[in-house]
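Novice: One file: start-v1.pdb (PDB, C-alpha atoms).
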```
ATOM      1  CA  THR R  20      53.251 129.902  45.311
ATOM      2  CA  MET R  21      50.629 132.666  45.392
ATOM      3  CA  GLY R  22      48.538 133.320  42.334
ATOM      4  CA  LYS R  23      46.775 136.311  40.922
ATOM      5  CA  ASN R  24      43.117 137.207  41.247
ATOM      6  CA  ASN R  25      41.089 134.067  40.680
ATOM      7  CA  LYS R  26      37.299 134.437  40.770
ATOM      8  CA  ARG R  27      35.067 131.751  42.172
ATOM      9  CA  ARG R  28      32.640 130.731  39.441
ATOM     10  CA  ASN R  29      30.245 128.392  41.167
ATOM     11  CA  ARG R  30      28.673 129.683  44.363
ATOM     12  CA  LYS R  31      26.758 126.559  45.321
ATOM     13  CA  ARG R  32      27.638 125.404  48.818
ATOM     14  CA  LYS R  33      28.355 121.725  49.313
ATOM     15  CA  PRO R  34      26.561 120.083  52.246
ATOM     16  CA  GLN R  35      28.762 119.631  55.273
ATOM     17  CA  ILE R  36      29.449 116.081  56.416
ATOM     18  CA  SER R  37      30.372 115.045  59.938
ATOM     19  CA  GLU R  38      34.007 114.535  60.909
ATOM     20  CA  PRO R  39      35.454 111.157  59.868
ATOM     21  CA  GLU R  40      37.393 108.583  61.879
ATOM     22  CA  THR R  41      40.757 110.299  61.420
ATOM     23  CA  ASN R  42      43.036 108.257  63.740
ATOM     24  CA  PHE R  43      44.301 111.656  64.867
ATOM     25  CA  VAL R  44      43.707 113.629  68.059
ATOM     26  CA  ALA R  45      42.711 117.060  66.727
ATOM     27  CA  GLU R  46      43.989 118.952  69.780
ATOM     28  CA  ALA R  47      47.484 117.621  68.979
ATOM     29  CA  GLY R  48      47.634 119.822  65.883
ATOM     30  CA  PRO R  49      47.265 123.448  67.013
ATOM     31  CA  GLY R  50      47.372 125.721  63.978
ATOM     32  CA  CYS R  51      46.714 122.834  61.546
ATOM     33  CA  TYR R  52      43.473 122.598  59.570
ATOM     34  CA  ILE R  53      42.628 119.392  57.694
ATOM     35  CA  ALA R  54      40.302 119.488  54.690
ATOM     36  CA  ARG R  55      38.944 116.487  52.764
ATOM     37  CA  ARG R  56      35.951 116.756  50.491
ATOM     38  CA  ASP R  57      34.316 113.517  51.601
ATOM     39  CA  HIS R  58      34.308 114.800  55.191
ATOM     40  CA  SER R  59      34.330 118.536  54.708
ATOM     41  CA  PRO R  60      35.153 120.673  57.762
ATOM     42  CA  SER R  61      32.744 123.412  58.812
ATOM     43  CA  TRP R  62      35.440 126.126  58.584
ATOM     44  CA  LEU R  63      36.028 125.685  54.826
ATOM     45  CA  ILE R  64      34.265 128.141  52.494
ATOM     46  CA  GLU R  65      33.429 125.735  49.649
ATOM     47  CA  TRP R  66      34.572 123.084  47.191
ATOM     48  CA  GLU R  67      34.054 124.140  43.575
ATOM     49  CA  ASP R  68      33.937 121.710  40.659
ATOM     50  CA  VAL R  69      35.716 123.162  37.628
ATOM     51  CA  ASP R  70      36.083 122.344  33.946
ATOM     52  CA  PRO R  71      39.762 122.528  32.920
ATOM     53  CA  ALA R  72      38.652 123.562  29.417
ATOM     54  CA  GLU R  73      37.513 126.901  30.869
ATOM     55  CA  PHE R  74      41.144 127.648  31.718
ATOM     56  CA  GLU R  75      42.739 126.669  28.434
ATOM     57  CA  GLY R  76      45.591 129.022  27.665
ATOM     58  CA  GLU R  77      45.586 130.391  31.228
ATOM     59  CA  GLU R  78      48.241 129.723  33.811
ATOM     60  CA  VAL R  79      46.364 128.471  36.862
ATOM     61  CA  PRO R  80      48.404 128.718  40.065
ATOM     62  CA  ASP R  81      48.325 125.906  42.611
ATOM     63  CA  VAL R  82      47.526 128.418  45.334
ATOM     64  CA  ALA R  83      45.565 131.578  44.535
ATOM     65  CA  VAL R  84      44.539 134.684  46.434
ATOM     66  CA  ASP R  85      41.426 136.539  45.243
ATOM     67  CA  THR R  86      42.401 140.168  45.813
ATOM     68  CA  ASP R  87      38.771 141.363  45.830
ATOM     69  CA  GLU R  88      37.144 138.719  48.011
ATOM     70  CA  ARG R  89      40.340 138.186  50.035
ATOM     71  CA  THR R  90      40.072 134.425  49.829
ATOM     72  CA  LEU R  91      42.796 131.777  49.738
ATOM     73  CA  SER R  92      42.185 128.838  47.402
ATOM     74  CA  LEU R  93      43.844 125.613  46.290
ATOM     75  CA  CYS R  94      43.329 125.120  42.539
ATOM     76  CA  ASN R  95      43.512 121.585  41.165
ATOM     77  CA  ILE R  96      42.722 121.498  37.437
ATOM     78  CA  HIS R  97      44.548 118.180  37.038
ATOM     79  CA  ASP R  98      43.167 114.653  36.639
ATOM     80  CA  THR R  99      44.885 113.479  39.824
ATOM     81  CA  THR R 100      44.116 113.887  43.513
ATOM     82  CA  GLN R 101      46.522 116.387  45.023
ATOM     83  CA  ILE R 102      47.750 116.901  48.549
ATOM     84  CA  ALA R 103      48.672 120.420  49.635
ATOM     85  CA  TYR R 104      50.291 121.838  52.744
ATOM     86  CA  ILE R 105      49.754 125.619  52.705
ATOM     87  CA  THR R 106      51.173 127.902  55.423
ATOM     88  CA  VAL R 107      49.991 131.486  55.965
ATOM     89  CA  TYR R 108      52.358 133.517  58.148
ATOM     90  CA  ASP R 109      51.605 136.343  60.588
ATOM     91  CA  THR R 110      48.120 136.970  59.196
ATOM     92  CA  VAL R 111      44.695 136.470  60.750
ATOM     93  CA  VAL R 112      42.646 133.969  58.733
ATOM     94  CA  LEU R 113      38.877 133.680  58.996
ATOM     95  CA  GLU R 114      36.693 130.609  58.464
ATOM     96  CA  ALA R 115      33.551 130.473  56.312
ATOM     97  CA  LYS R 116      31.367 132.324  58.834
ATOM     98  CA  GLY R 117      33.969 134.969  59.614
ATOM     99  CA  LYS R 118      35.332 133.529  62.843
ATOM    100  CA  GLU R 119      39.079 133.689  63.407
ATOM    101  CA  LEU R 120      40.967 130.392  63.119
ATOM    102  CA  PRO R 121      43.378 129.980  66.063
ATOM    103  CA  MET R 122      47.014 130.119  64.971
ATOM    104  CA  GLY R 123      49.926 127.836  65.662
ATOM    105  CA  TYR R 124      53.546 128.839  65.426
ATOM    106  CA  THR R 125      56.834 127.919  63.848
ATOM    107  CA  ARG R 126      60.437 128.514  64.901
ATOM    108  CA  GLU R 127      63.310 128.350  62.445
ATOM    109  CA  ASN R 128      66.770 126.915  63.130
ATOM    110  CA  ASN R 129      68.007 130.489  63.610
ATOM    111  CA  GLY R 130      65.498 130.994  66.443
ATOM    112  CA  LYS R 131      63.152 133.316  64.546
ATOM    113  CA  GLU R 132      59.502 132.684  65.446
ATOM    114  CA  HIS R 133      56.297 133.336  63.492
ATOM    115  CA  LYS R 134      52.614 132.831  64.121
ATOM    116  CA  CYS R 135      51.075 130.802  61.312
ATOM    117  CA  VAL R 136      48.346 128.422  60.217
ATOM    118  CA  THR R 137      48.834 125.442  57.923
ATOM    119  CA  PHE R 138      46.088 123.922  55.796
ATOM    120  CA  ILE R 139      46.386 120.246  54.911
ATOM    121  CA  VAL R 140      44.141 119.679  51.912
ATOM    122  CA  LEU R 141      43.417 116.441  50.075
ATOM    123  CA  CYS R 142      41.869 117.802  46.881
ATOM    124  CA  PRO R 143      40.085 115.658  44.267
ATOM    125  CA  PRO R 144      40.703 116.144  40.536
ATOM    126  CA  ARG R 145      39.251 119.224  38.826
ATOM    127  CA  VAL R 146      38.259 120.939  42.066
ATOM    128  CA  PHE R 147      39.074 124.289  43.640
ATOM    129  CA  ALA R 148      39.087 124.309  47.450
ATOM    130  CA  HIS R 149      38.235 127.790  48.727
ATOM    131  CA  LEU R 150      39.784 127.596  52.165
ATOM    132  CA  CYS R 151      39.506 130.829  54.120
ATOM    133  CA  TYR R 152      39.373 134.605  54.150
ATOM    134  CA  LEU R 153      42.528 136.645  54.771
ATOM    135  CA  ASP R 154      41.810 139.361  57.338
ATOM    136  CA  VAL R 155      43.974 142.274  56.240
ATOM    137  CA  PRO R 156      43.232 146.019  56.139
ATOM    138  CA  LEU R 157      41.809 147.283  52.854
ATOM    139  CA  ASP R 158      44.830 149.542  52.372
ATOM    140  CA  GLN R 159      47.287 146.645  52.729
ATOM    141  CA  ASP R 160      48.643 144.895  49.648
ATOM    142  CA  ILE R 161      47.207 141.414  50.134
ATOM    143  CA  THR R 162      49.831 139.911  47.812
ATOM    144  CA  SER R 163      52.511 140.880  50.337
ATOM    145  CA  ILE R 164      51.295 138.188  52.762
ATOM    146  CA  ARG R 165      53.859 135.427  53.168
ATOM    147  CA  ILE R 166      52.322 132.166  51.961
ATOM    148  CA  GLU R 167      54.320 128.987  51.371
ATOM    149  CA  SER R 168      53.027 125.739  49.972
ATOM    150  CA  ASP R 169      53.890 122.257  48.880
ATOM    151  CA  VAL R 170      51.412 120.860  46.339
ATOM    152  CA  ARG R 171      51.915 117.499  44.689
ATOM    153  CA  ASP R 172      50.122 114.388  43.486
ATOM    154  CA  TRP R 173      48.988 112.170  46.344
ATOM    155  CA  ASN R 174      51.593 109.414  46.741
ATOM    156  CA  GLN R 175      49.507 106.583  48.141
ATOM    157  CA  HIS R 176      50.975 103.517  49.824
ATOM    158  CA  PRO R 177      51.311 100.547  47.421
ATOM    159  CA  ASP R 178      50.252  97.981  50.062
ATOM    160  CA  PRO R 179      48.491  99.440  53.127
ATOM    161  CA  SER R 180      48.022  95.997  54.720
ATOM    162  CA  ASP R 181      51.761  95.151  54.606
ATOM    163  CA  GLU R 182      52.787  93.920  58.055
ATOM    164  CA  HIS R 183      56.247  92.879  59.214
ATOM    165  CA  PRO R 184      56.342  89.554  61.110
ATOM    166  CA  GLN R 185      58.786  90.783  63.764
ATOM    167  CA  ARG R 186      57.415  92.078  67.086
ATOM    168  CA  ILE R 187      59.330  94.904  68.721
ATOM    169  CA  GLY R 188      59.696  96.665  72.068
ATOM    170  CA  PHE R 189      58.072  99.957  73.087
ATOM    171  CA  PRO R 190      60.163 102.993  72.021
ATOM    172  CA  LEU R 191      59.697 105.241  75.093
ATOM    173  CA  GLU R 192      60.683 104.909  78.751
ATOM    174  CA  GLY R 193      57.977 105.345  81.365
ATOM    175  CA  GLY R 194      54.518 106.542  80.465
ATOM    176  CA  PRO R 195      51.780 105.897  79.762
ATOM    177  CA  PHE R 196      51.791 108.022  76.611
ATOM    178  CA  LEU R 197      48.841 109.251  74.551
ATOM    179  CA  CYS R 198      48.882 108.088  70.931
ATOM    180  CA  THR R 199      47.989 111.282  69.045
ATOM    181  CA  GLN R 200      48.144 109.888  65.481
ATOM    182  CA  GLY R 201      48.056 106.316  64.278
ATOM    183  CA  GLU R 202      48.098 104.407  61.022
ATOM    184  CA  ASN R 203      46.525 106.397  58.168
ATOM    185  CA  GLY R 204      46.228 109.426  60.456
ATOM    186  CA  ALA R 205      44.723 112.517  58.859
ATOM    187  CA  LEU R 206      47.477 115.014  59.754
ATOM    188  CA  THR R 207      50.553 113.478  58.085
ATOM    189  CA  HIS R 208      50.160 109.666  58.068
ATOM    190  CA  PHE R 209      48.466 109.077  54.713
ATOM    191  CA  PHE R 210      51.454 108.964  52.346
ATOM    192  CA  SER R 211      53.500 105.987  51.202
ATOM    193  CA  GLY R 212      56.423 107.008  53.438
ATOM    194  CA  ASN R 213      54.312 107.692  56.567
ATOM    195  CA  LEU R 214      51.186 105.521  56.429
ATOM    196  CA  HIS R 215      52.040 103.115  59.259
ATOM    197  CA  ALA R 216      53.737 105.686  61.518
ATOM    198  CA  ILE R 217      52.654 106.105  65.152
ATOM    199  CA  ASP R 218      52.860 109.394  67.106
ATOM    200  CA  PHE R 219      53.123 109.502  70.910
ATOM    201  CA  ARG R 220      52.773 112.746  72.876
ATOM    202  CA  CYS R 221      55.754 113.013  75.229
ATOM    203  CA  LYS R 222      57.648 115.771  76.972
ATOM    204  CA  VAL R 223      60.879 116.983  75.393
ATOM    205  CA  GLY R 224      63.680 114.951  76.925
ATOM    206  CA  THR R 225      61.762 111.678  77.386
ATOM    207  CA  PRO R 226      64.242 108.763  77.097
ATOM    208  CA  LEU R 227      64.039 106.840  73.811
ATOM    209  CA  ILE R 228      64.424 103.078  73.996
ATOM    210  CA  ALA R 229      65.867 100.764  71.337
ATOM    211  CA  SER R 230      62.925  98.619  70.212
ATOM    212  CA  VAL R 231      65.221  96.017  68.618
ATOM    213  CA  ASP R 232      68.745  94.615  68.728
ATOM    214  CA  GLY R 233      70.574  96.099  65.762
ATOM    215  CA  VAL R 234      72.931  98.665  64.285
ATOM    216  CA  VAL R 235      72.444 102.438  64.046
ATOM    217  CA  ILE R 236      72.571 103.478  60.388
ATOM    218  CA  GLU R 237      71.725 107.145  60.928
ATOM    219  CA  ALA R 238      71.691 109.537  63.889
ATOM    220  CA  ASN R 239      71.132 113.271  63.508
ATOM    221  CA  ASP R 240      70.371 115.857  66.188
ATOM    222  CA  ASN R 241      71.697 119.030  64.540
ATOM    223  CA  ASN R 242      68.395 120.853  64.013
ATOM    224  CA  THR R 243      66.239 122.893  66.393
ATOM    225  CA  LEU R 244      63.394 124.153  64.173
ATOM    226  CA  THR R 245      59.849 123.278  65.249
ATOM    227  CA  GLY R 246      56.208 124.114  64.618
ATOM    228  CA  VAL R 247      53.760 123.778  61.739
ATOM    229  CA  ALA R 248      55.347 125.611  58.781
ATOM    230  CA  VAL R 249      55.246 123.602  55.558
ATOM    231  CA  SER R 250      59.026 124.005  55.151
ATOM    232  CA  ASN R 251      59.512 121.988  58.367
ATOM    233  CA  LEU R 252      58.284 118.875  56.548
ATOM    234  CA  TYR R 253      61.745 118.407  55.051
ATOM    235  CA  THR R 254      64.069 118.998  58.012
ATOM    236  CA  TRP R 255      64.112 117.000  61.239
ATOM    237  CA  ASN R 256      66.278 115.026  63.670
ATOM    238  CA  SER R 257      66.129 111.247  63.760
ATOM    239  CA  ILE R 258      67.724 107.912  64.637
ATOM    240  CA  ILE R 259      67.410 104.921  62.281
ATOM    241  CA  ILE R 260      68.252 101.377  63.410
ATOM    242  CA  LYS R 261      68.600  98.295  61.199
ATOM    243  CA  ALA R 262      67.241  95.390  63.223
ATOM    244  CA  ASP R 263      69.148  92.135  63.475
ATOM    245  CA  GLU R 264      67.424  89.589  61.274
ATOM    246  CA  GLU R 265      65.705  86.824  63.207
ATOM    247  CA  GLY R 266      66.237  83.450  61.538
ATOM    248  CA  GLU R 267      67.209  82.633  57.984
ATOM    249  CA  ALA R 268      63.907  83.595  56.380
ATOM    250  CA  SER R 269      63.449  86.881  58.215
ATOM    251  CA  ASP R 270      62.672  90.156  56.450
ATOM    252  CA  PRO R 271      64.862  93.262  56.749
ATOM    253  CA  LEU R 272      63.477  95.783  59.232
ATOM    254  CA  TYR R 273      64.473  99.420  59.765
ATOM    255  CA  ILE R 274      62.924 101.526  62.527
ATOM    256  CA  GLU R 275      63.054 105.311  62.764
ATOM    257  CA  TYR R 276      62.622 107.746  65.672
ATOM    258  CA  VAL R 277      61.759 111.242  64.391
ATOM    259  CA  HIS R 278      61.637 114.760  65.965
ATOM    260  CA  ILE R 279      64.248 113.781  68.544
ATOM    261  CA  GLN R 280      66.093 116.296  70.722
ATOM    262  CA  LYS R 281      69.307 114.337  71.226
ATOM    263  CA  ALA R 282      70.964 111.147  69.954
ATOM    264  CA  ASP R 283      73.124 109.244  72.441
ATOM    265  CA  VAL R 284      74.264 106.859  69.686
ATOM    266  CA  LYS R 285      76.070 107.376  66.389
ATOM    267  CA  LYS R 286      76.133 105.691  63.002
ATOM    268  CA  GLY R 287      77.662 102.235  63.265
ATOM    269  CA  ASP R 288      76.912 101.679  66.961
ATOM    270  CA  ARG R 289      75.410  98.360  68.047
ATOM    271  CA  VAL R 290      72.332  98.713  70.243
ATOM    272  CA  THR R 291      70.503  96.248  72.428
ATOM    273  CA  ARG R 292      66.723  96.136  72.769
ATOM    274  CA  GLY R 293      65.791  98.118  75.877
ATOM    275  CA  GLN R 294      68.798 100.453  75.983
ATOM    276  CA  VAL R 295      68.401 104.243  76.042
ATOM    277  CA  ILE R 296      69.480 105.708  72.667
ATOM    278  CA  GLY R 297      68.522 109.392  73.033
ATOM    279  CA  THR R 298      65.769 111.776  74.075
ATOM    280  CA  SER R 299      62.542 112.839  72.406
ATOM    281  CA  GLY R 300      61.935 116.343  71.112
ATOM    282  CA  SER R 301      59.791 118.428  68.792
ATOM    283  CA  VAL R 302      62.123 119.070  65.841
ATOM    284  CA  GLY R 303      60.688 119.288  62.315
ATOM    285  CA  PHE R 304      56.998 119.539  61.351
ATOM    286  CA  SER R 305      55.784 119.207  64.910
ATOM    287  CA  PRO R 306      52.746 121.015  66.349
ATOM    288  CA  GLU R 307      53.649 119.773  69.855
ATOM    289  CA  PRO R 308      56.398 117.632  71.438
ATOM    290  CA  HIS R 309      55.999 114.018  70.341
ATOM    291  CA  LEU R 310      57.770 110.948  69.011
ATOM    292  CA  HIS R 311      57.016 109.938  65.423
ATOM    293  CA  PHE R 312      57.908 106.239  65.202
ATOM    294  CA  THR R 313      57.865 104.254  61.981
ATOM    295  CA  ALA R 314      59.273 101.180  60.261
ATOM    296  CA  PHE R 315      60.422 100.211  56.767
ATOM    297  CA  ARG R 316      61.604  97.102  54.920
ATOM    298  CA  SER R 317      64.376  99.061  53.199
ATOM    299  CA  SER R 318      66.796 101.916  53.839
ATOM    300  CA  ASP R 319      65.802 103.533  50.525
ATOM    301  CA  PRO R 320      64.787 107.167  51.297
ATOM    302  CA  ILE R 321      61.536 106.678  49.354
ATOM    303  CA  ALA R 322      60.690 103.247  50.788
ATOM    304  CA  PRO R 323      57.056 102.761  51.823
ATOM    305  CA  THR R 324      56.359 102.115  55.489
ATOM    306  CA  VAL R 325      55.456  98.724  56.933
ATOM    307  CA  ARG R 326      53.150  98.016  59.852
ATOM    308  CA  VAL R 327      55.009  96.663  62.862
ATOM    309  CA  LYS R 328      53.337  95.630  66.110
ATOM    310  CA  PHE R 329      54.714  96.084  69.605
ATOM    311  CA  GLN R 330      55.201  93.120  71.924
ATOM    312  CA  GLY R 331      53.620  93.892  75.291
ATOM    313  CA  THR R 332      55.573  93.025  78.438
ATOM    314  CA  ALA R 333      52.619  91.347  80.162
ATOM    315  CA  GLY R 334      53.314  87.974  78.541
ATOM    316  CA  GLU R 335      52.691  86.148  75.298
ATOM    317  CA  ASN R 336      49.874  87.153  72.946
ATOM    318  CA  THR R 337      50.022  90.747  74.152
ATOM    319  CA  GLU R 338      51.076  92.366  70.882
ATOM    320  CA  PHE R 339      49.439  95.727  70.166
ATOM    321  CA  LEU R 340      49.069  98.421  67.499
ATOM    322  CA  PRO R 341      48.448 101.867  69.032
ATOM    323  CA  LYS R 342      45.472 103.947  67.923
ATOM    324  CA  ALA R 343      44.938 107.674  68.359
ATOM    325  CA  GLY R 344      43.137 108.660  71.527
ATOM    326  CA  SER R 345      44.368 105.749  73.669
ATOM    327  CA  TRP R 346      47.223 105.546  76.186
ATOM    328  CA  TYR R 347      50.121 103.078  75.969
ATOM    329  CA  ASP R 348      53.312 102.017  77.692
ATOM    330  CA  ALA R 349      55.596  98.981  77.417
ATOM    331  CA  SER R 350      52.842  96.700  78.738
ATOM    332  CA  GLY R 351      50.423  97.730  75.987
ATOM    333  CA  LEU R 352      47.103  99.539  76.130
ATOM    334  CA  VAL R 353      46.516 101.321  79.442
ATOM    335  CA  SER R 354      42.820 101.730  80.309
ATOM    336  CA  LYS R 355      43.307 105.321  81.381
ATOM    337  CA  ARG R 356      46.097 107.655  82.356
ATOM    338  CA  SER R 357      47.448 106.781  85.767
TER
END
```
In structure tokens, write the structure found in this file.

Specialist:
Amino acid sequence: TMGKNNKRRNRKRKPQISEPETNFVAEAGPGCYIARRDHSPSWLIEWEDVDPAEFEGEEVPDVAVDTDERTLSLCNIHDTTQIAYITVYDTVVLEAKGKELPMGYTRENNGKEHKCVTFIVLCPPRVFAHLCYLDVPLDQDITSIRIESDVRDWNQHPDPSDEHPQRIGFPLEGGPFLCTQGENGALTHFFSGNLHAIDFRCKVGTPLIASVDGVVIEANDNNTLTGVAVSNLYTWNSIIIKADEEGEASDPLYIEYVHIQKADVKKGDRVTRGQVIGTSGSVGFSPEPHLHFTAFRSSDPIAPTVRVKFQGTAGENTEFLPKAGSWYDASGLVSKRS
């Protein structure tokens, strides 16, 4: 995933714009650095507009390291917006003004740990994003740095306003819990398969509650890996429940609990709304312990998410949709942490 020397051609700096409404609590992503051109972060070196014709006949890597300037860049010469997750392992990275970017960590299933940073870059067409400087000694081979990436076209949700009519119970026991990322959150909730997901910060081992009456169609707690490495995006533990359909005209509803530590149910089990089904964890792409909760209209692995609101316990008309930065429990929004 690492390319050869790739010189920056245009040295004009783009003006920095203030941080957007991200529906994400930044402190919940240690070691993760989010870059979008329309709200460019101060740590990023620069966005460079490029003409693909200049590179005709050249093989342009998705991710390039300039061996002279010691910069790391995402190179998008395509006509589509791309999303990239890029992890740099065990190497100090410096922001535009030379200050060190604090690292996160990752731990593999085999227990091996690494310090790392992961860049999450939404890159417009025909743009190079020059992300950071790699702080390595001059006598070290910079191409020996371990860098892993996943770069692909941005898979946007086909219907962001899609909302399921069913109202469901709160998925965690106790609380209140801080919502760290909500709908269209800037860390990981802006894809078709994640858009309507909700993240709650919770200690490992927090009891998970069935939000619906239904049947377990998947339960996996075999993994232990955690942290912010890009490879963690594709391995996790989860429980999926198919909700009982309410009435003849009801829509199918599947709910998923992700990053769990332990499942107390297995495939095929019937569950009742309110029962404990397992415990929360931090398994998968997880900067800190939390529950990633989401819903779908289909069990298809590539199904888009659907918005689903929680029914508060304080009475009728108390449905709620959590937003990042606020605290919630089964009753709904809690004014402040008790």

Novice: Go ahead and compute the interatomic distance for atom CA of Asn251 of chain R and atom CA of Thr207 of chain R, in Å to one decimal.

Specialist: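 So the two atoms, atom CA of Asn251 of chain R and atom CA of Thr207 of chain R, lie 12.4 Å apart.
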
Novice: I'd like the contact shell of Ala148 of chain R - 6 Å cut-off, all atoms listed in the file, skipping same-chain residues fewer than 5 positions apart - returned as a PDB file with C-alpha atoms, in the coordinates of the input.

Specialist:
```
ATOM      1  CA  TRP R  66      34.572 123.084  47.191  1.00  0.00           C
ATOM      2  CA  SER R  92      42.185 128.838  47.402  1.00  0.00           C
ATOM      3  CA  LEU R  93      43.844 125.613  46.290  1.00  0.00           C
TER       4      LEU R  93
END
```

Novice: Quick one: residues within 9 Å of segment 68-78 of chain R, all atoms listed in the file counted, chain neighbours fewer than 5 positions away excluded, as a list in words?

Specialist: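 Near neighbours after the sequence-gap exclusion: Arg28, Asn29, Asn95, Ile96, His97, Pro144, Arg145, Val146, Phe147 and Ala148 of chain R.
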
Novice: Take the PyMOL selection byres ((chain R and resi 328) around 8), run it mentally on this structure, and tell me the resulting residues as number ranges by chain.

Specialist: R: 183, 185-187, 326-327, 329-330, 338-340

Novice: Write the residues of the selection above to a file with C-alpha atoms, as a CSV table (one decimal), in the coordinates of the input.

Specialist:
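What landed in again_2.csv:
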```
chain,number,residue,atom,x,y,z
R,183,HIS,CA,56.2,92.9,59.2
R,185,GLN,CA,58.8,90.8,63.8
R,186,ARG,CA,57.4,92.1,67.1
R,187,ILE,CA,59.3,94.9,68.7
R,326,ARG,CA,53.2,98.0,59.9
R,327,VAL,CA,55.0,96.7,62.9
R,329,PHE,CA,54.7,96.1,69.6
R,330,GLN,CA,55.2,93.1,71.9
R,338,GLU,CA,51.1,92.4,70.9
R,339,PHE,CA,49.4,95.7,70.2
R,340,LEU,CA,49.1,98.4,67.5
```

Novice: How many Å lie between atom CA of Thr291 of chain R and atom CA of Pro341 of chain R, rounded to one decimal?

Specialist: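 For atom CA of Thr291 of chain R relative to atom CA of Pro341 of chain R, the distance reads 23.0 Å.
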
Novice: Given the file shown, enumerate the residues that the PyMOL selection byres ((chain R and resi 239) around 9) captures and present them as an mmCIF file with C-alpha atoms, in the frame of the given file.

Specialist:
```
data_model
loop_
_atom_site.group_PDB
_atom_site.id
_atom_site.type_symbol
_atom_site.label_atom_id
_atom_site.label_comp_id
_atom_site.auth_asym_id
_atom_site.auth_seq_id
_atom_site.Cartn_x
_atom_site.Cartn_y
_atom_site.Cartn_z
ATOM 1 C CA GLU R 237 71.725 107.145 60.928
ATOM 2 C CA ALA R 238 71.691 109.537 63.889
ATOM 3 C CA ASP R 240 70.371 115.857 66.188
ATOM 4 C CA ASN R 241 71.697 119.030 64.540
ATOM 5 C CA ASN R 242 68.395 120.853 64.013
ATOM 6 C CA TRP R 255 64.112 117.000 61.239
ATOM 7 C CA ASN R 256 66.278 115.026 63.670
ATOM 8 C CA SER R 257 66.129 111.247 63.760
ATOM 9 C CA ILE R 258 67.724 107.912 64.637
ATOM 10 C CA ILE R 279 64.248 113.781 68.544
ATOM 11 C CA LYS R 281 69.307 114.337 71.226
ATOM 12 C CA ALA R 282 70.964 111.147 69.954
ATOM 13 C CA LYS R 285 76.070 107.376 66.389
#
```

Novice: Decode the PyMOL selection byres ((chain R and resi 288-290) around 10) for the given file into explicit residues and return them as a compact mmCIF listing (two decimals) with C-alpha atoms, in the frame of the given file.

Specialist:
```txt
# COMPACT_ATOMS: atom_id res chain seq x y z
CA ILE R 228 64.42 103.08 74.00
CA ALA R 229 65.87 100.76 71.34
CA SER R 230 62.92 98.62 70.21
CA VAL R 231 65.22 96.02 68.62
CA ASP R 232 68.74 94.62 68.73
CA GLY R 233 70.57 96.10 65.76
CA VAL R 234 72.93 98.66 64.28
CA VAL R 235 72.44 102.44 64.05
CA ILE R 236 72.57 103.48 60.39
CA GLU R 237 71.72 107.14 60.93
CA ALA R 238 71.69 109.54 63.89
CA ILE R 260 68.25 101.38 63.41
CA LYS R 261 68.60 98.30 61.20
CA ALA R 262 67.24 95.39 63.22
CA ASP R 263 69.15 92.14 63.48
CA VAL R 284 74.26 106.86 69.69
CA LYS R 285 76.07 107.38 66.39
CA LYS R 286 76.13 105.69 63.00
CA GLY R 287 77.66 102.24 63.26
CA THR R 291 70.50 96.25 72.43
CA ARG R 292 66.72 96.14 72.77
CA GLY R 293 65.79 98.12 75.88
CA GLN R 294 68.80 100.45 75.98
CA VAL R 295 68.40 104.24 76.04
CA ILE R 296 69.48 105.71 72.67
```

Novice: As an exercise, work out the distance from atom CA of Ser180 of chain R to atom CA of Thr41 of chain R in Å and give it to one decimal place.

Specialist: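 Taking atom CA of Ser180 of chain R and atom CA of Thr41 of chain R, their separation equals 17.4 Å.
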
Novice: Can you pull out the residues contacting Leu157 of chain R? Cut-off 10 Å, using all atoms listed in the file, and skip same-chain residues under 3 positions away; I want them as a ChimeraX atom specification.

Specialist: /R:87,89,154,160-161

Novice: Box for segment 94-111 of chain R: with edges along x, y and z, all listed atoms inside and 5 Å added on each side, what are the centre and edge lengths in Å to one decimal, as JSON?

Specialist:
```
{"center_x": 47.5, "center_y": 125.2, "center_z": 48.7, "size_x": 19.6, "size_y": 33.5, "size_z": 34.1}
```

Novice: Between R:Thr225, R:Ser350, R:Thr337, R:Asn213, which has the minimum distance to Pro323 of chain R (counting only C-alpha atoms)?

Specialist: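 Ranked by minimum distance to Pro323 of chain R, first place goes to R:Asn213.
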
Novice: For a quick check of understanding, using only C-alpha atoms, which of R:Ala343, R:Val140, R:Ala248, R:Val79 has the smallest distance to Met122 of chain R?

Specialist: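 Going through R:Ala343, R:Val140, R:Ala248, R:Val79 one by one, the smallest distance to Met122 of chain R is for R:Ala248.
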
Novice: Which residue is closest to Thr137 of chain R? Choose from R:Pro184, R:Pro80, R:Gly246, R:Gly297 and count only C-alpha atoms.

Specialist: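 Result for the nearest residue to Thr137 of chain R: R:Gly246.
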
Novice: Please return as a PyMOL selection string every residue within 10 Å of (48.5, 139.7, 63.9), taking into account only C-alpha atoms and the file's own coordinates.

Specialist: chain R and resi 108-112+122+134-135+154-155

Novice: Residues near Phe210 of chain R, anyone? I mean within 12 Å using only C-alpha atoms, not counting same-chain ones fewer than 2 positions away, as a list in words.

Specialist: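 Close residues of Phe210 of chain R: Gln101, Ile102, Leu141, Arg171, Asp172, Trp173, Asn174, Gln175, His176, Pro177, Asp178, Pro179, Glu202, Asn203, Gly204, Ala205, Leu206, Thr207, His208, Gly212, Asn213, Leu214, His215, Ala216, Ile321, Ala322, Pro323, Thr324 and Val325 of chain R.
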